[in-house]
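Here the structure is laid out as structure tokens; the discussion comes afterwards.
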Amino acid sequence: MQTGIAGYGVYAPMNRITVDEIAGVWGEDGVSKSRGLNVFEKSVPDPDEDTITISVEAARIAMKMSRLAREKIGAVYVGSESHPFAVYPSAVHVAEALGVTPHVTAADLEFACKAGTAGMQMVFGLVAGNIIDAGIAIGADTSQGRPGDPLEYTAGAGGAAFVIGKDNLVAELEGTYSFTTDTPDFWRREGAMYPSHGSRFTGAPAYFRHVINAANGLMEKLGLTINDFDRASFHQPNGAFPLKAAKILGLPLEKIEDSLAVKYIGNTYSGASIVGFARQLDLAKPGERILLVSYGSGAGSDAFSFIVTDAIEDARKHGVPVDKMISRKRYINYATYARYRGKIRMK
Amino acid sequence: MSIADYWRLEAPRFRLEATKCEKCEKLYFPPKVVCPQCGNKELKKVEISGKGKLISFSRIDKPADEHTYVAPYYVGIIELEEGIRLSGSLVDLGDKEPEEGMKVEIAFRKYYPVGDEGVIYYGYKFRPLLMSLED
């Protein structure tokens with residue numbers, strides 16, 4: 001029996017700060033920064049929001065769309081690089097909030113920005129192997145950029161959740177393939193407040209090498225060409241990298257443009273590629289084939305091919321459109337942003 | 001709040017778990033073990049919708065120390081669709097003031113972190129309708 005996605009949900013906090021507002025604080029040209037990054041604004045969590053709360057909200061939407069009984073859920077994985085606890089899983093909070101405990105396996109995952117898709121692969125494996133009926137994989141983050149660092153313009157907050165199973169499928173999995181190496185382009189040491197990165201080293205040997213090789217590896221494995229895909233979503237650290245990757249692969253830009261939630265909510269790290277994928281699912285017609293390729297620094301990419309089913313049109317009535325999350329917003333200034341993100345040290 | 005108290009209240013605070021008396025049909029939130037109305041001990045666990053309307057509200061400018069990180073904020077009394085009334089913080093108001101009669105739904109949020117190294121308490125708060133496509 002085919003495995004696939006039975007429901008999906010996206011959550012983004014409603015606060016926004018514009019690239020122009022951040023640039024103004026650091027004496028940079030906001031218009032030029034925004035154009036270069038292809039990002040206009042980013043989401044900022046309220047002080048009482050974190051990866052756990054975002055994960056719960058996204059998973060509740062995904063469960064509602066799937067219409068699966070909670071007893072069917074046998075696994076909950078939360079991928080993030082901003083788990084609120086170093087020890088005390090985000091996944092148990094999510095499982096408890098969804099009411100799927102205690103007959104469930106749960107774990108937190110970390111692989112920079114691809115921990116969410118790593119969780120999806122794990123659930124697909126458990127479902128395909130008939131070990132569980134269905135499971136939930138989530139990628140969510142509230143990552144930080146050091147004040148004045150280029151990352152500060154894009155580090156947003158949000159996440160996506162997927163209920164994976166064999167019943168009520170809105171998209172069937174055709175196959176998945178990963179490309180992984182040890183590439184030190186971005187890291188955060190234990191206890192460090194902000195991540196560090198290798199500046200330009202994050203491009204060619206890191207993001208592009210892994211995304212392109214994962215996409216090509218998947219196509220070779222499935223006997224497909226880039227022309228077989230109707231839509232795509234790649235990891236989106238900014239709005240420029242995925243467009244460049246599409247160009248390298250020979251994918252028409254209009255097939256990836258709809259995925260670029262990064263322009264409006266920033267880079268949601270573990271959520272980024274899958275928030276874009278969810279937006280493509282919102283817009284896709286039955287029968288369309290979607291290419292999803294994540295990227296996590298360190299480094300690796302997971303590529304997936306999905307075929308959208310006829311059931312998606314009815315299922316959407318039970319979900320919440322990604323655009324609804326993007327369009328609800330409240331603009332904040334840099335001072336409020338600094339307070340909300342704990343950038344003002346009180347002691 | 002002790003860790004034990006928090007843990008005991010997780011089901012109602014995480015997912016609005018209530019109990020319903022199977023004899024007199026009375027619904028209780030927070031959940032009860034014995035029905036105070038008819039004395040029945042056979043109470044069934046049920047989850048309530050989490051949707052309701054705002055009955056009354058108040059702005060908190062000077063909260064207890066553990067809540068200063070979200071101040072100022074609003075708390076409200078909410079009447080759920082099932083008729084239960086409960087209090088909770090209001091979030092995601094944007095730049096708008098709350099209004100009596102406003103439709104709200106539960107949001108999952110942090111209550112407060114216990115210092116820099118203690119546990120973080122989570123549970124329900126309320127926001128204007130978002131998850132429903134009715135609004």
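Within each chain, counting starts at residue 1; across the structure tokens, chains are named A, B, ... in the order shown, with ligands numbered 1 upward in that order.
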
Q: Give me, as an MDAnalysis selection string, the contact residues of chain B against chain A at a cut-off of 12 Å, counting only C-alpha atoms.
A: chainID B and resid 7 9:17 45:47 66:73 89:96 105:113 116:125 127:135

(Q) So that I can check the surroundings of segment 122-137 of chain A, please list as a ChimeraX atom specification every protein, DNA and RNA residue that reaches within 7 Å of it, counting only C-alpha atoms and ignoring chain neighbours fewer than 3 positions away. (A) /A:3,72-78,116,118-119,161-165

Q: Give me, please, the distance in Å between atom CA of Pro45 of chain A and atom CA of Phe186 of chain A, quoted to one decimal.
A: 22.6 Å

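All residues of segment 85-129 of chain A that DSSP, run on the backbone, classes as helix (DSSP H, G or I) are Ser90, Ala91, Val92, His93, Val94, Ala95, Glu96, Ala97, Leu98, Ala115, Gly116, Thr117, Ala118, Gly119, Met120, Gln121, Met122, Val123, Phe124, Gly125, Leu126, Val127 and Ala128 of chain A.
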
(Q) DSSP on the backbone: which residues in segment 85-133 of chain B end up as strand (DSSP E)? Give the answer as JSON, numbers by chain. (A) {"B": [85, 86, 87, 88, 89, 90, 103, 104, 105, 106, 107, 108, 109, 110, 111, 112, 113, 120, 121, 122, 123, 124, 125, 126, 127, 128]}

Those residues with N, CA and C atoms, as a short mmCIF file (atom, residue, chain, number, x, y, z; two decimals), in the first residue's frame please?
data_model
loop_
_atom_site.label_atom_id
_atom_site.label_comp_id
_atom_site.auth_asym_id
_atom_site.auth_seq_id
_atom_site.Cartn_x
_atom_site.Cartn_y
_atom_site.Cartn_z
N ARG B 85 -17.14 28.33 31.28
CA ARG B 85 -16.42 29.61 31.34
C ARG B 85 -15.07 29.39 32.01
N LEU B 86 -14.04 29.98 31.43
CA LEU B 86 -12.71 29.86 32.02
C LEU B 86 -11.91 31.13 31.70
N SER B 87 -10.84 31.31 32.44
CA SER B 87 -10.03 32.51 32.21
C SER B 87 -8.75 32.13 31.50
N GLY B 88 -8.19 33.09 30.80
CA GLY B 88 -6.92 32.82 30.11
C GLY B 88 -6.36 34.10 29.53
N SER B 89 -5.06 34.08 29.25
CA SER B 89 -4.43 35.24 28.61
C SER B 89 -4.88 35.33 27.16
N LEU B 90 -4.88 36.54 26.63
CA LEU B 90 -5.24 36.78 25.22
C LEU B 90 -3.97 37.11 24.45
N LYS B 103 -14.88 36.42 18.89
CA LYS B 103 -14.70 34.96 18.81
C LYS B 103 -13.23 34.62 19.02
N VAL B 104 -12.96 33.64 19.85
CA VAL B 104 -11.58 33.24 20.15
C VAL B 104 -11.44 31.72 20.10
N GLU B 105 -10.20 31.27 20.08
CA GLU B 105 -9.89 29.84 20.09
C GLU B 105 -8.62 29.62 20.92
N ILE B 106 -8.36 28.38 21.29
CA ILE B 106 -7.16 28.16 22.11
C ILE B 106 -5.90 28.26 21.26
N ALA B 107 -4.86 28.77 21.90
CA ALA B 107 -3.51 28.80 21.33
C ALA B 107 -2.62 28.09 22.33
N PHE B 108 -1.59 27.41 21.83
CA PHE B 108 -0.66 26.73 22.73
C PHE B 108 0.54 27.64 22.95
N ARG B 109 0.78 28.03 24.18
CA ARG B 109 1.84 29.00 24.47
C ARG B 109 2.60 28.63 25.74
N LYS B 110 3.72 29.33 25.92
CA LYS B 110 4.44 29.23 27.18
C LYS B 110 3.65 30.00 28.24
N TYR B 111 3.55 29.43 29.46
CA TYR B 111 3.05 30.23 30.58
C TYR B 111 4.23 31.07 31.10
N TYR B 112 5.25 30.36 31.59
CA TYR B 112 6.46 31.07 32.00
C TYR B 112 7.60 30.09 32.24
N PRO B 113 8.83 30.56 32.04
CA PRO B 113 9.98 29.72 32.37
C PRO B 113 10.37 29.96 33.83
N ILE B 120 10.07 24.89 31.80
CA ILE B 120 9.21 25.90 31.17
C ILE B 120 7.79 25.35 31.21
N TYR B 121 6.88 26.15 31.75
CA TYR B 121 5.49 25.71 31.82
C TYR B 121 4.74 26.16 30.56
N TYR B 122 3.95 25.25 30.00
CA TYR B 122 3.16 25.52 28.79
C TYR B 122 1.68 25.29 29.06
N GLY B 123 0.84 25.80 28.18
CA GLY B 123 -0.58 25.54 28.30
C GLY B 123 -1.38 26.42 27.37
N TYR B 124 -2.70 26.46 27.59
CA TYR B 124 -3.56 27.20 26.66
C TYR B 124 -3.62 28.69 26.99
N LYS B 125 -3.72 29.47 25.95
CA LYS B 125 -4.13 30.87 26.02
C LYS B 125 -5.18 31.02 24.92
N PHE B 126 -5.66 32.20 24.68
CA PHE B 126 -6.70 32.40 23.66
C PHE B 126 -6.31 33.49 22.67
N ARG B 127 -6.68 33.28 21.41
CA ARG B 127 -6.41 34.28 20.37
C ARG B 127 -7.65 34.44 19.49
N PRO B 128 -7.71 35.52 18.71
CA PRO B 128 -8.80 35.64 17.74
C PRO B 128 -8.76 34.44 16.79
#

(Q) Between atom CA of Asp258 of chain A and atom CA of Asp282 of chain A, what distance in Å does the model show, to one decimal? (A) 9.9 Å

Q. What is the atom CA of Ser178 of chain A-atom CA of Ile265 of chain A distance in Å, reported with one decimal?
A. 26.7 Å
